[in-house]
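upload-v1.txt (compact mmCIF, C-alpha atoms) appears below.
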# COMPACT_ATOMS: atom_id res chain seq x y z
CA MET A 1 0.00 0.00 0.00
CA SER A 2 1.38 3.43 -0.94
CA LYS A 3 2.35 5.67 1.99
CA LEU A 4 0.35 8.83 2.53
CA ALA A 5 2.02 12.13 1.60
CA ASP A 6 3.51 13.92 4.65
CA SER A 7 0.95 16.69 4.41
CA ILE A 8 -1.99 14.29 4.76
CA VAL A 9 -3.45 13.17 8.09
CA ILE A 10 -6.37 10.84 8.75
CA ARG A 11 -8.05 11.34 12.12
CA LYS A 12 -11.38 11.07 13.94
CA GLY A 13 -13.80 13.82 12.94
CA THR A 14 -14.95 16.38 15.52
CA VAL A 15 -17.89 18.78 15.68
CA ASP A 16 -15.70 21.50 14.17
CA ASP A 17 -15.29 19.37 11.04
CA CYS A 18 -19.03 19.26 10.35
CA GLU A 19 -19.21 22.30 8.10
CA SER A 20 -16.37 21.16 5.83
CA THR A 21 -17.65 17.57 5.84
CA LEU A 22 -21.12 18.70 4.81
CA GLN A 23 -19.50 20.55 1.91
CA LEU A 24 -17.79 17.31 0.84
CA ILE A 25 -21.09 15.41 1.24
CA LYS A 26 -22.64 17.81 -1.25
CA GLU A 27 -19.70 17.32 -3.64
CA LEU A 28 -20.21 13.54 -3.49
CA ALA A 29 -23.98 13.90 -4.01
CA GLU A 30 -23.32 16.05 -7.08
CA TYR A 31 -20.99 13.39 -8.50
CA GLU A 32 -23.77 10.82 -7.94
CA ASN A 33 -26.25 13.16 -9.71
CA MET A 34 -28.25 13.35 -6.49
CA SER A 35 -27.57 16.87 -5.12
CA SER A 36 -31.27 17.66 -4.97
CA GLN A 37 -31.73 14.81 -2.46
CA VAL A 38 -29.44 16.40 0.18
CA LYS A 39 -31.79 17.87 2.79
CA LEU A 40 -29.41 17.76 5.74
CA THR A 41 -28.76 21.07 7.57
CA LEU A 42 -25.51 21.88 9.38
CA ALA A 43 -27.28 22.17 12.74
CA GLN A 44 -28.87 18.74 12.37
CA PHE A 45 -25.63 17.20 11.12
CA LYS A 46 -23.76 18.53 14.16
CA GLU A 47 -26.45 17.33 16.58
CA ASP A 48 -26.70 13.87 15.01
CA GLY A 49 -22.96 13.25 15.15
CA PHE A 50 -21.93 15.00 18.35
CA GLY A 51 -25.07 15.50 20.42
CA LYS A 52 -26.56 13.32 23.16
CA ASP A 53 -27.60 10.48 20.86
CA PRO A 54 -25.00 10.06 18.10
CA TYR A 55 -26.17 8.47 14.85
CA TYR A 56 -22.82 8.31 13.06
CA GLN A 57 -19.05 8.54 13.37
CA LEU A 58 -16.53 10.29 11.16
CA LEU A 59 -13.04 9.80 9.88
CA VAL A 60 -11.66 12.85 8.09
CA VAL A 61 -8.68 13.46 5.83
CA GLU A 62 -6.84 16.69 6.40
CA ASN A 63 -4.31 18.28 4.04
CA CYS A 64 -1.83 20.72 5.46
CA HIS A 65 -0.75 23.44 3.04
CA PRO A 66 1.03 26.82 3.21
CA SER A 67 -1.29 29.81 3.47
CA ASP A 68 -1.56 32.27 0.57
CA SER A 69 -0.40 35.18 2.75
CA GLY A 70 3.28 34.36 2.31
CA THR A 71 3.83 34.38 6.09
CA GLY A 72 4.89 30.73 6.19
CA GLU A 73 1.73 29.93 8.13
CA LYS A 74 0.18 26.51 7.54
CA MET A 75 -3.50 25.96 6.84
CA THR A 76 -5.43 22.73 6.99
CA LYS A 77 -8.35 21.75 4.78
CA LEU A 78 -10.53 18.64 4.73
CA ILE A 79 -10.17 16.75 1.47
CA GLY A 80 -11.92 13.50 2.29
CA TYR A 81 -14.03 11.64 4.84
CA ALA A 82 -15.67 8.35 5.76
CA LEU A 83 -19.01 8.43 7.58
CA TYR A 84 -20.06 5.19 9.24
CA PHE A 85 -22.07 3.67 12.10
CA LYS A 86 -22.73 0.39 13.92
CA LYS A 87 -24.95 -2.09 12.15
CA TYR A 88 -26.14 -5.60 13.02
CA SER A 89 -26.27 -8.70 10.88
CA THR A 90 -28.42 -11.62 11.99
CA PHE A 91 -25.92 -13.74 10.07
CA GLU A 92 -22.63 -12.62 11.57
CA GLY A 93 -23.43 -10.16 14.35
CA ARG A 94 -21.63 -6.86 14.92
CA SER A 95 -20.99 -4.95 11.72
CA ILE A 96 -20.18 -1.51 10.42
CA TYR A 97 -22.13 0.32 7.74
CA LEU A 98 -20.09 2.69 5.62
CA GLU A 99 -22.57 5.33 4.49
CA ASP A 100 -20.10 7.51 2.59
CA ILE A 101 -16.45 7.45 1.60
CA TYR A 102 -15.12 10.33 -0.47
CA VAL A 103 -11.85 11.92 -1.54
CA THR A 104 -11.93 15.23 -3.39
CA PRO A 105 -10.90 14.66 -7.10
CA ALA A 106 -7.64 16.66 -6.89
CA PHE A 107 -6.34 14.21 -4.26
CA ARG A 108 -7.30 10.90 -5.90
CA LYS A 109 -4.82 8.12 -6.70
CA GLN A 110 -2.64 8.92 -3.70
CA GLY A 111 -3.71 6.03 -1.48
CA ILE A 112 -6.07 8.17 0.61
CA GLY A 113 -9.22 6.11 -0.06
CA MET A 114 -7.28 2.96 0.79
CA SER A 115 -6.01 4.55 4.02
CA LEU A 116 -9.54 5.52 5.02
CA LEU A 117 -10.69 1.94 4.50
CA LYS A 118 -7.68 0.58 6.35
CA ASN A 119 -8.51 2.83 9.32
CA LEU A 120 -12.11 1.64 9.16
CA ALA A 121 -11.01 -2.00 9.08
CA GLN A 122 -8.85 -1.42 12.17
CA LEU A 123 -11.83 0.16 13.95
CA ALA A 124 -13.97 -2.81 12.94
CA ILE A 125 -11.48 -5.23 14.48
CA SER A 126 -11.17 -3.24 17.70
CA GLU A 127 -14.99 -3.25 18.04
CA LYS A 128 -15.17 -6.98 17.15
CA CYS A 129 -17.16 -6.20 14.01
CA VAL A 130 -16.94 -8.99 11.47
CA ARG A 131 -18.57 -7.32 8.52
CA ILE A 132 -18.54 -3.97 6.69
CA ASP A 133 -21.53 -3.15 4.47
CA PHE A 134 -22.06 -0.29 2.02
CA CYS A 135 -23.86 0.57 -1.22
CA VAL A 136 -22.41 1.69 -4.54
CA LEU A 137 -24.12 2.92 -7.69
CA SER A 138 -23.84 0.21 -10.32
CA TRP A 139 -22.49 2.63 -12.97
CA ASN A 140 -19.58 3.69 -10.74
CA LYS A 141 -17.10 1.23 -12.28
CA SER A 142 -13.93 2.80 -10.89
CA ALA A 143 -15.33 2.64 -7.34
CA ILE A 144 -16.54 -0.95 -7.83
CA ASP A 145 -13.14 -2.04 -9.18
CA PHE A 146 -11.47 -0.46 -6.15
CA TYR A 147 -13.79 -2.16 -3.64
CA GLU A 148 -13.59 -5.54 -5.35
CA LYS A 149 -9.78 -5.40 -5.29
CA LEU A 150 -10.03 -5.12 -1.49
CA GLY A 151 -12.24 -8.19 -1.30
CA ALA A 152 -15.70 -6.58 -1.25
CA VAL A 153 -18.50 -8.64 -2.79
CA ASP A 154 -21.47 -7.27 -4.73
CA ILE A 155 -24.28 -9.12 -2.98
CA THR A 156 -26.91 -7.60 -5.24
CA LYS A 157 -25.29 -9.45 -8.15
CA LEU A 158 -24.19 -12.51 -6.20
CA GLU A 159 -27.11 -13.13 -3.84
CA ASP A 160 -29.96 -11.06 -5.37
CA TRP A 161 -30.32 -8.59 -2.49
CA HIS A 162 -32.25 -5.44 -3.40
CA TYR A 163 -32.24 -2.27 -1.32
CA PHE A 164 -35.59 -0.78 -0.35
CA ARG A 165 -36.54 2.52 1.15
CA ILE A 166 -39.69 3.94 2.78
CA PHE A 167 -39.66 7.73 2.65
CA ASN A 168 -40.88 10.15 5.28
CA GLU A 169 -44.35 10.72 3.85
CA GLN A 170 -45.12 6.98 3.72
CA ILE A 171 -43.69 6.47 7.22
CA LYS A 172 -46.11 9.06 8.61
CA LYS A 173 -49.05 7.44 6.76
CA LEU A 174 -48.07 4.02 8.07
CA ALA A 175 -47.67 5.28 11.64
CA SER A 176 -51.11 6.84 11.69
CA CYS A 177 -53.21 4.34 9.72
CA MET B 1 -55.80 -2.16 8.42
CA SER B 2 -57.00 -5.46 9.87
CA LYS B 3 -56.99 -5.72 13.68
CA LEU B 4 -54.48 -8.10 15.24
CA PRO B 5 -55.89 -11.60 15.90
CA ASN B 6 -57.02 -12.35 19.43
CA GLY B 7 -54.22 -13.17 21.79
CA VAL B 8 -51.50 -11.52 19.66
CA VAL B 9 -49.60 -8.53 20.98
CA ILE B 10 -46.68 -6.54 19.61
CA ARG B 11 -44.22 -5.28 22.22
CA LYS B 12 -40.57 -4.33 22.71
CA GLY B 13 -38.26 -7.33 22.90
CA VAL B 14 -36.39 -8.08 26.14
CA THR B 15 -33.34 -10.23 27.02
CA ASP B 16 -35.56 -13.22 27.78
CA ASP B 17 -36.87 -13.17 24.21
CA CYS B 18 -33.42 -13.73 22.69
CA GLU B 19 -33.53 -17.50 22.54
CA GLU B 20 -36.91 -17.56 20.82
CA VAL B 21 -35.95 -14.73 18.46
CA LEU B 22 -32.74 -16.52 17.47
CA ARG B 23 -34.84 -19.57 16.63
CA LEU B 24 -37.03 -17.37 14.39
CA VAL B 25 -33.87 -15.80 12.85
CA LYS B 26 -32.81 -19.30 11.80
CA GLU B 27 -36.29 -20.05 10.41
CA LEU B 28 -36.06 -16.93 8.27
CA SER B 29 -32.54 -17.79 7.08
CA GLU B 30 -33.71 -21.27 6.12
CA TYR B 31 -36.52 -19.72 4.05
CA GLU B 32 -33.88 -17.50 2.37
CA ASN B 33 -31.74 -20.61 1.69
CA MET B 34 -29.01 -19.02 3.83
CA LEU B 35 -29.10 -21.01 7.07
CA PRO B 36 -25.38 -21.98 6.96
CA ASP B 37 -24.57 -18.24 6.95
CA VAL B 38 -25.98 -17.79 10.48
CA LYS B 39 -22.93 -17.74 12.77
CA LEU B 40 -24.53 -15.85 15.64
CA THR B 41 -24.51 -17.46 19.11
CA LEU B 42 -27.17 -16.87 21.77
CA ASP B 43 -24.64 -15.30 24.18
CA GLN B 44 -23.43 -12.85 21.56
CA PHE B 45 -26.98 -12.04 20.49
CA ARG B 46 -28.00 -11.24 24.10
CA GLU B 47 -24.90 -9.13 24.70
CA ASP B 48 -25.31 -7.16 21.47
CA GLY B 49 -29.00 -6.42 22.09
CA PHE B 50 -29.07 -5.90 25.84
CA GLY B 51 -25.49 -5.41 27.08
CA ASP B 52 -23.39 -2.28 27.56
CA ASN B 53 -22.93 -1.50 23.88
CA LEU B 54 -26.21 -1.89 22.03
CA TYR B 55 -26.23 -2.89 18.38
CA PHE B 56 -29.92 -3.51 17.74
CA GLN B 57 -33.46 -3.19 19.01
CA LEU B 58 -36.31 -5.65 18.85
CA LEU B 59 -40.05 -5.68 18.41
CA VAL B 60 -41.68 -9.06 18.97
CA ALA B 61 -45.10 -10.49 18.13
CA GLU B 62 -46.30 -12.69 20.96
CA LYS B 63 -49.22 -15.11 20.99
CA CYS B 64 -50.78 -16.41 24.16
CA GLY B 65 -50.86 -20.19 23.99
CA SER B 66 -53.39 -22.70 25.33
CA SER B 67 -53.61 -23.10 29.10
CA ASP B 68 -51.70 -25.79 30.95
CA SER B 69 -54.03 -28.43 32.25
CA GLY B 70 -55.52 -27.46 35.56
CA THR B 71 -53.49 -24.30 36.16
CA GLY B 72 -55.40 -21.83 33.99
CA GLU B 73 -52.01 -20.29 33.02
CA GLU B 74 -51.27 -19.42 29.41
CA LYS B 75 -47.85 -20.02 27.86
CA ALA B 76 -46.93 -17.23 25.49
CA LYS B 77 -44.96 -17.92 22.32
CA LEU B 78 -43.10 -15.61 19.95
CA ILE B 79 -44.44 -15.84 16.41
CA GLY B 80 -42.69 -12.93 14.77
CA TYR B 81 -40.16 -10.16 15.24
CA ALA B 82 -38.60 -7.06 13.74
CA LEU B 83 -34.90 -6.39 14.41
CA TYR B 84 -33.72 -2.87 13.63
CA PHE B 85 -31.18 -0.17 14.51
CA LYS B 86 -30.37 3.47 13.93
CA LYS B 87 -28.84 4.39 10.59
CA TYR B 88 -27.74 7.69 9.06
CA SER B 89 -28.32 9.11 5.61
CA THR B 90 -26.09 11.95 4.43
CA PHE B 91 -29.06 13.03 2.31
CA GLU B 92 -31.82 13.07 4.92
CA GLY B 93 -30.27 12.39 8.30
CA ARG B 94 -31.70 10.10 10.96
CA SER B 95 -33.01 6.81 9.64
CA ILE B 96 -33.88 3.30 10.73
CA TYR B 97 -32.53 0.14 9.16
CA LEU B 98 -34.78 -2.90 9.38
CA GLU B 99 -32.42 -5.88 9.36
CA ASN B 100 -35.10 -8.58 9.68
CA LEU B 101 -38.88 -8.77 9.70
CA TYR B 102 -40.42 -12.22 10.08
CA VAL B 103 -43.73 -13.84 10.92
CA ALA B 104 -43.86 -17.64 11.40
CA LEU B 105 -45.58 -19.34 8.47
CA ALA B 106 -48.64 -20.51 10.41
CA PHE B 107 -49.46 -16.90 11.35
CA ARG B 108 -49.23 -15.20 7.98
CA LYS B 109 -52.04 -13.18 6.38
CA GLN B 110 -53.37 -12.03 9.75
CA GLY B 111 -52.03 -8.47 9.73
CA ILE B 112 -49.07 -9.24 12.01
CA GLY B 113 -46.36 -8.18 9.55
CA PHE B 114 -48.27 -4.98 8.90
CA ALA B 115 -48.64 -4.35 12.62
CA LEU B 116 -44.87 -4.81 13.09
CA PHE B 117 -44.27 -2.26 10.33
CA LYS B 118 -46.76 0.16 11.80
CA ASN B 119 -45.04 -0.06 15.19
CA LEU B 120 -41.69 0.53 13.51
CA ALA B 121 -43.08 3.55 11.69
CA LYS B 122 -44.24 4.96 15.05
CA VAL B 123 -40.73 4.48 16.44
CA ALA B 124 -39.34 6.27 13.37
CA VAL B 125 -41.71 9.21 13.85
CA SER B 126 -40.96 9.53 17.57
CA GLU B 127 -37.19 9.41 16.88
CA LYS B 128 -37.53 11.90 14.01
CA CYS B 129 -36.22 9.40 11.48
CA ALA B 130 -36.90 10.37 7.86
CA ARG B 131 -36.31 6.95 6.30
CA ILE B 132 -36.76 3.24 6.92
CA GLU B 133 -34.48 1.05 4.82
CA PHE B 134 -34.06 -2.68 4.39
CA CYS B 135 -32.98 -5.34 1.93
CA CYS B 136 -35.10 -8.01 0.31
CA LEU B 137 -34.17 -10.89 -1.97
CA SER B 138 -35.31 -10.12 -5.49
CA TRP B 139 -37.04 -13.51 -5.93
CA ASN B 140 -39.22 -12.97 -2.85
CA LYS B 141 -42.17 -11.60 -4.85
CA MET B 142 -44.69 -11.99 -2.05
CA ALA B 143 -42.58 -9.91 0.34
CA ILE B 144 -41.84 -7.31 -2.36
CA ASP B 145 -45.56 -6.92 -3.15
CA PHE B 146 -46.26 -6.38 0.55
CA TYR B 147 -43.48 -3.79 0.93
CA GLU B 148 -44.47 -1.93 -2.20
CA LYS B 149 -48.11 -1.81 -1.03
CA ILE B 150 -46.98 0.05 2.09
CA GLY B 151 -45.03 2.54 0.00
CA ALA B 152 -41.51 1.07 -0.10
CA VAL B 153 -39.43 1.72 -3.22
CA ASP B 154 -36.88 -0.69 -4.69
CA ILE B 155 -33.92 1.68 -5.04
CA THR B 156 -31.72 -1.01 -6.55
CA LYS B 157 -34.14 -1.03 -9.53
CA GLN B 158 -35.00 2.67 -9.37
CA GLU B 159 -31.59 4.25 -8.66
CA ASN B 160 -29.07 1.44 -9.37
CA TRP B 161 -27.78 1.03 -5.81
CA HIS B 162 -25.94 -2.25 -5.25
CA CYS B 163 -25.24 -3.71 -1.81
CA PHE B 164 -21.67 -4.72 -1.01
CA LYS B 165 -20.14 -6.55 1.92
CA ILE B 166 -16.60 -7.09 3.18
CA LEU B 167 -16.29 -10.08 5.52
CA ASP B 168 -13.98 -10.81 8.44
CA GLU B 169 -11.07 -12.37 6.55
CA GLU B 170 -10.81 -9.48 4.11
CA ILE B 171 -11.27 -6.93 6.92
CA ARG B 172 -8.25 -8.42 8.71
CA MET B 173 -6.18 -8.35 5.52
CA LEU B 174 -7.13 -4.72 4.94
CA ALA B 175 -6.37 -3.73 8.54
CA SER B 176 -2.88 -5.16 8.37
CA CYS B 177 -1.85 -4.25 4.83
Just give me the structure as structure tokens.
Amino acid sequence: MSKLADSIVIRKGTVDDCESTLQLIKELAEYENMSSQVKLTLAQFKEDGFGKDPYYQLLVVENCHPSDSGTGEKMTKLIGYALYFKKYSTFEGRSIYLEDIYVTPAFRKQGIGMSLLKNLAQLAISEKCVRIDFCVLSWNKSAIDFYEKLGAVDITKLEDWHYFRIFNEQIKKLASC
Amino acid sequence: MSKLPNGVVIRKGVTDDCEEVLRLVKELSEYENMLPDVKLTLDQFREDGFGDNLYFQLLVAEKCGSSDSGTGEEKAKLIGYALYFKKYSTFEGRSIYLENLYVALAFRKQGIGFALFKNLAKVAVSEKCARIEFCCLSWNKMAIDFYEKIGAVDITKQENWHCFKILDEEIRMLASC
């Protein structure tokens, strides 16, 4: 595995990373042609990750670069993230669900995506999680190639699993019928 | 919506339900032709649902049985369950993932599956969850018809999402590469 550049750090995300991460979430959604589906607000995103009842955890990728002011000062900027949470499989037990993994295009092919997944795998082991699940759009060949190289299996193709969703409006109807 | 049959209640699952629920988990896996994939032990299942670090929540469908001779007592039996946990969507925020929903064969077509879903929808509304998501095998037409009647959308068909998994062996290789 290629070593990360010296200017790149992968660390746990904090509440102060939420604004930049939300920006990257919107970049990813645009790439997936789904920007109009992003309804998340910054306040909600902060609360849901770092409030009393956390719904997700974050790994972020930070790039350290010299500031434009010419003072020699260093600035940091988030250029990637992985958003994940605990899941449960009635087959294997404790699992992790990787909701999003993203590296900004200018920083691709530098081993950052691989490092994020390696960090996630180490977290999985420390939490005794035996499975990592995620979804990928079937047209995203470069992502699929990458995941399959790491040993991921497309269980839609292999085992005929389809992903279903009930949206908010239908949930409310169902709850009150 | 049809009323629940006499003697059937839907309630939150407790530690003492784990053995029965695990038996129903195996029934469901057998129906899915995936019984050998169930590696979960009863101890682990109890710990993960009711220990210090919770991975899932349970709704159970319970039927009062016939009375023991002479005592007038009724033995209750679990005939269905829904196993779920919190999830997060970077599009809409708080969500619920329904890992399993199952009603024993002898108790189908009596509104129990629907009642489990309705209860889950109420949990979603009270927790401000905007989505309920789950997977279903594409050959399970009966289940798919049921889900689509209650407003679920197949987003593998509609939006081309494929489900992927990385299992324990590959996680360990990734963590140590």
- request: For CA of Ile79 in chain B and CA of Phe107 in chain B, quote the distance in Å rounded to one decimal.
  value: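 It comes out at 7.2 Å.
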task: Considering all atoms listed in the file, return as a list in words whatever protein or nucleic-acid residues lie within 10 Å of range 31-42 of chain A, sequence-local ones (same chain, fewer than 5 positions apart) excluded.
output: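 Near range 31-42 of chain A, the qualifying residues are Cys18, Glu19, Ser20, Thr21, Leu22, Gln23, Ile25, Lys26, Glu47, Asp48, Val136, Leu137, Trp139 and Asn140 of chain A; Ser89, Thr90, Phe91, Glu92, Gly93, Arg94 and Glu159 of chain B.
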task: Would you please work out which residue, of A:Gln110, A:Thr90, A:Ser126, A:Ser7, is nearest to chain B when using all atoms listed in the file?
output: A:Thr90
task: Show which residues sit within 10 Å of Ile96 in chain B, as number ranges by chain. Count all atoms listed in the file, and ignore same-chain residues fewer than 6 positions away.
output: A: 165-166; B: 84-89, 120-121, 123-124, 127-134
statement: Between B:Val8, B:Ala82, B:Ala106, B:Leu59, smallest distance to chain A by only C-alpha atoms belongs to B:Ala82
field: Exercise: Cys64 in chain A partners within 8 Å, all atoms listed in the file, chain neighbours under 4 positions left out, as a VMD selection string
entry: chain A and resid 7 to 8 74 to 77
message: I need the residue nearest Asn168 in chain A from this list: B:Ile144, B:Val125, B:Ile112, B:Leu28. Use all atoms listed in the file for the distance.
response: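 Counting all atoms listed in the file, the residue closest to Asn168 in chain A is B:Val125.
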